[in-house]
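Shown next, in structure tokens, is the structure this report addresses.
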Amino acid sequence: MIRTSAWRGVAAAALLLIGSAGAEAANALATLPRDLSPWGMFTNADIVVQVVMAGLALASLATWTVWLSKTVELRRETARARVALASLETDTTLAALRDTEAQDGVGELIQSAAREAQLSGWNFDDDFKERVALRLERTEAAMSRKIARGTGILATIGAVAPFVGLFGTVWGIMNAFIGISEAHTTNLAVVAPGIAEALLATALGLVAAVPAVVIYNYLVRQIANYRALLGDASAQVLLLVSRDRGRSARLMARAAE
């Protein structure tokens, strides 16, 4: 009888523990947030984490906007530069090209040399080529800065976005521990929201940073190719100036005869 009573007491205690655990699990499931989608995590997140996520989303949007605009601009300017560079390969003169409208970097180089020739009274003296070279160098640098404008933001996003995402991660985990401390429990309903927000902030940081770095490296290579075209155009303009100087010297020699 004593053994039977003891076994009945153990069974009752086990049933009580099982019931208590089941009630706690049911309570946890009842209080567990149902919407753990990215948008749901954003709307339920702390204001600091929301600001971090919004900033990273705007940084990602800026990255793709710069990529689109600079890709279109580089393709257009490169095509124009190739056409203008081909025109410099023909048997032409600086005077014949001075009335050409400067629509690209190569056109600016031609106009810069033509302005120096005009200021010099079309007198191709010994220092004329050096003055033209200085003008071409300044114009080429200005065109390079213009074509590279806007790419610096990509380098900034690629360098800063992971750390901003890490800040959101730290803040989300801190909120999770605060929730555990206030609720005096470690059930999933308390831990899950903060951890989910932290992971989402980390993911957004990577989504903003990785494309920014890849796109920046791509644009740097394309800009380097465009600068090489400008360098070739500067050399062709100097060759054109040399040919014009030779023609001028021959005409002066014939006139002296």
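Each chain of the structure tokens is named A, B, ... in the order shown, its residues numbered from 1; ligands are numbered from 1 in display order.
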Report task. Quick one: everything within 9 Å of Leu219 of chain A, counting only C-alpha atoms, minus sequence neighbours fewer than 5 positions away in the same chain. Send it as a VMD selection string. Result -> chain A and resid 67 70 to 71 74 148 151 214 224
Query - Selected residue of minimal separation from Glu197 of chain A among A:Ile147, A:Val52, A:Val83, A:Ile110, counting only C-alpha atoms - result: A:Val52
**Report entry** Residue neighbourhood Ala228 of chain A, 12 Å, only C-alpha atoms, exclusion window fewer than 5 positions, as a list in words
**Finding:** Thr78, Ala81, Arg82, Leu85, Gly105, Val106, Glu140, Ala141, Met143, Ser144, Arg221, Gln222, Ile223, Ala233, Ser234 and Ala235 of chain A
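Using only C-alpha atoms for every distance, the candidate list A:Leu94, A:Ala142, A:Leu199, A:Met53 yields A:Leu199 as the residue closest to Val170 of chain A.
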Requested in this report: Skip segment 152-161 of chain A itself and residues of its chain fewer than 4 positions away, then list as JSON, numbers by chain all residues within 12 Å of it, counting only C-alpha atoms.
Outcome: {"A": [52, 53, 54, 55, 56, 57, 58, 59, 60, 61, 62, 63, 64, 65, 66, 67, 70, 145, 147, 148, 165, 166, 167, 168, 201, 202, 203, 204, 205, 206, 207, 208, 209, 210, 211, 212, 213, 214, 215, 216, 217, 218, 219, 220]}
Produce a file of the selected residues containing N, CA and C atoms, as a CSV table (one decimal), in the first residue's frame.
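To be explicit, this is the file written out as out.csv:
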chain,number,residue,atom,x,y,z
A,52,VAL,N,18.6,52.5,-38.4
A,52,VAL,CA,19.8,51.8,-39.0
A,52,VAL,C,19.3,51.1,-40.3
A,53,MET,N,18.2,50.3,-40.2
A,53,MET,CA,17.7,49.6,-41.4
A,53,MET,C,17.3,50.6,-42.5
A,54,ALA,N,16.6,51.7,-42.2
A,54,ALA,CA,16.2,52.6,-43.2
A,54,ALA,C,17.5,53.3,-43.9
A,55,GLY,N,18.5,53.6,-43.1
A,55,GLY,CA,19.7,54.2,-43.6
A,55,GLY,C,20.4,53.2,-44.6
A,56,LEU,N,20.5,51.9,-44.2
A,56,LEU,CA,21.1,50.9,-45.1
A,56,LEU,C,20.3,50.7,-46.3
A,57,ALA,N,19.0,50.8,-46.2
A,57,ALA,CA,18.2,50.6,-47.5
A,57,ALA,C,18.4,51.8,-48.4
A,58,LEU,N,18.5,53.0,-47.8
A,58,LEU,CA,18.8,54.2,-48.7
A,58,LEU,C,20.2,54.1,-49.3
A,59,ALA,N,21.1,53.6,-48.5
A,59,ALA,CA,22.5,53.4,-49.1
A,59,ALA,C,22.5,52.5,-50.2
A,60,SER,N,21.7,51.4,-50.1
A,60,SER,CA,21.6,50.4,-51.2
A,60,SER,C,21.0,51.0,-52.4
A,61,LEU,N,19.9,51.8,-52.2
A,61,LEU,CA,19.3,52.5,-53.3
A,61,LEU,C,20.3,53.5,-54.0
A,62,ALA,N,21.0,54.2,-53.2
A,62,ALA,CA,22.0,55.2,-53.8
A,62,ALA,C,23.1,54.4,-54.6
A,63,THR,N,23.5,53.2,-54.1
A,63,THR,CA,24.5,52.5,-54.8
A,63,THR,C,24.0,52.1,-56.2
A,64,TRP,N,22.8,51.6,-56.3
A,64,TRP,CA,22.3,51.2,-57.7
A,64,TRP,C,22.0,52.4,-58.5
A,65,THR,N,21.6,53.5,-57.9
A,65,THR,CA,21.4,54.7,-58.7
A,65,THR,C,22.7,55.2,-59.3
A,66,VAL,N,23.7,55.2,-58.5
A,66,VAL,CA,25.0,55.7,-59.1
A,66,VAL,C,25.5,54.7,-60.1
A,67,TRP,N,25.3,53.4,-59.9
A,67,TRP,CA,25.7,52.4,-60.9
A,67,TRP,C,25.0,52.7,-62.3
A,70,LYS,N,26.2,56.3,-63.8
A,70,LYS,CA,27.6,56.3,-64.2
A,70,LYS,C,27.8,55.4,-65.4
A,145,ARG,N,38.2,64.3,-63.4
A,145,ARG,CA,37.4,64.5,-62.2
A,145,ARG,C,35.9,64.5,-62.5
A,147,ILE,N,34.2,62.9,-64.8
A,147,ILE,CA,33.7,61.5,-65.1
A,147,ILE,C,33.7,60.7,-63.8
A,148,ALA,N,34.6,61.0,-62.9
A,148,ALA,CA,34.6,60.2,-61.6
A,148,ALA,C,33.7,60.7,-60.5
A,165,GLY,N,25.6,48.1,-40.0
A,165,GLY,CA,24.8,46.9,-39.8
A,165,GLY,C,25.2,46.2,-38.5
A,166,LEU,N,26.5,46.2,-38.1
A,166,LEU,CA,27.0,45.7,-36.9
A,166,LEU,C,26.4,46.4,-35.7
A,167,PHE,N,26.3,47.7,-35.8
A,167,PHE,CA,25.7,48.5,-34.7
A,167,PHE,C,24.3,48.1,-34.5
A,168,GLY,N,23.5,47.9,-35.6
A,168,GLY,CA,22.1,47.4,-35.5
A,168,GLY,C,22.1,46.1,-34.8
A,201,ALA,N,19.4,43.4,-39.5
A,201,ALA,CA,20.3,44.6,-39.6
A,201,ALA,C,21.7,44.1,-40.2
A,202,THR,N,22.2,43.0,-39.8
A,202,THR,CA,23.4,42.4,-40.4
A,202,THR,C,23.2,42.2,-41.8
A,203,ALA,N,22.1,41.5,-42.2
A,203,ALA,CA,21.9,41.2,-43.6
A,203,ALA,C,21.8,42.5,-44.5
A,204,LEU,N,21.1,43.5,-44.0
A,204,LEU,CA,21.0,44.8,-44.7
A,204,LEU,C,22.3,45.4,-44.9
A,205,GLY,N,23.2,45.3,-43.8
A,205,GLY,CA,24.5,45.9,-44.0
A,205,GLY,C,25.3,45.2,-45.1
A,206,LEU,N,25.2,43.9,-45.2
A,206,LEU,CA,25.9,43.2,-46.2
A,206,LEU,C,25.3,43.5,-47.6
A,207,VAL,N,24.0,43.6,-47.7
A,207,VAL,CA,23.3,43.9,-48.9
A,207,VAL,C,23.7,45.3,-49.4
A,208,ALA,N,24.0,46.2,-48.6
A,208,ALA,CA,24.4,47.6,-49.0
A,208,ALA,C,25.9,47.6,-49.3
A,209,ALA,N,26.7,46.9,-48.6
A,209,ALA,CA,28.2,47.0,-48.7
A,209,ALA,C,28.7,46.2,-49.9
A,210,VAL,N,28.3,45.0,-50.1
A,210,VAL,CA,28.9,44.1,-51.1
A,210,VAL,C,28.7,44.7,-52.5
A,211,PRO,N,27.5,45.0,-52.9
A,211,PRO,CA,27.3,45.6,-54.2
A,211,PRO,C,28.1,46.9,-54.4
A,212,ALA,N,28.2,47.7,-53.3
A,212,ALA,CA,28.9,49.0,-53.5
A,212,ALA,C,30.3,48.8,-53.8
A,213,VAL,N,31.0,47.8,-53.1
A,213,VAL,CA,32.4,47.5,-53.4
A,213,VAL,C,32.6,47.0,-54.8
A,214,VAL,N,31.7,46.0,-55.2
A,214,VAL,CA,31.8,45.5,-56.6
A,214,VAL,C,31.6,46.5,-57.6
A,215,ILE,N,30.6,47.3,-57.5
A,215,ILE,CA,30.3,48.4,-58.5
A,215,ILE,C,31.4,49.4,-58.5
A,216,TYR,N,31.9,49.8,-57.3
A,216,TYR,CA,33.0,50.8,-57.3
A,216,TYR,C,34.2,50.3,-58.1
A,217,ASN,N,34.6,49.0,-57.9
A,217,ASN,CA,35.7,48.5,-58.6
A,217,ASN,C,35.5,48.4,-60.1
A,218,TYR,N,34.2,48.1,-60.5
A,218,TYR,CA,33.9,48.1,-61.9
A,218,TYR,C,34.0,49.5,-62.5
A,219,LEU,N,33.4,50.5,-61.8
A,219,LEU,CA,33.5,51.8,-62.4
A,219,LEU,C,34.9,52.4,-62.4
A,220,VAL,N,35.7,52.0,-61.4
A,220,VAL,CA,37.1,52.5,-61.5
A,220,VAL,C,37.8,52.0,-62.7
Query - Near-Leu97 of chain A list (12 Å; only C-alpha atoms; drop same-chain fewer than 3 positions) as a VMD selection string - result: chain A and resid 84 87 to 88 90 to 94 100 to 102 106 to 115 117 237 240 to 241
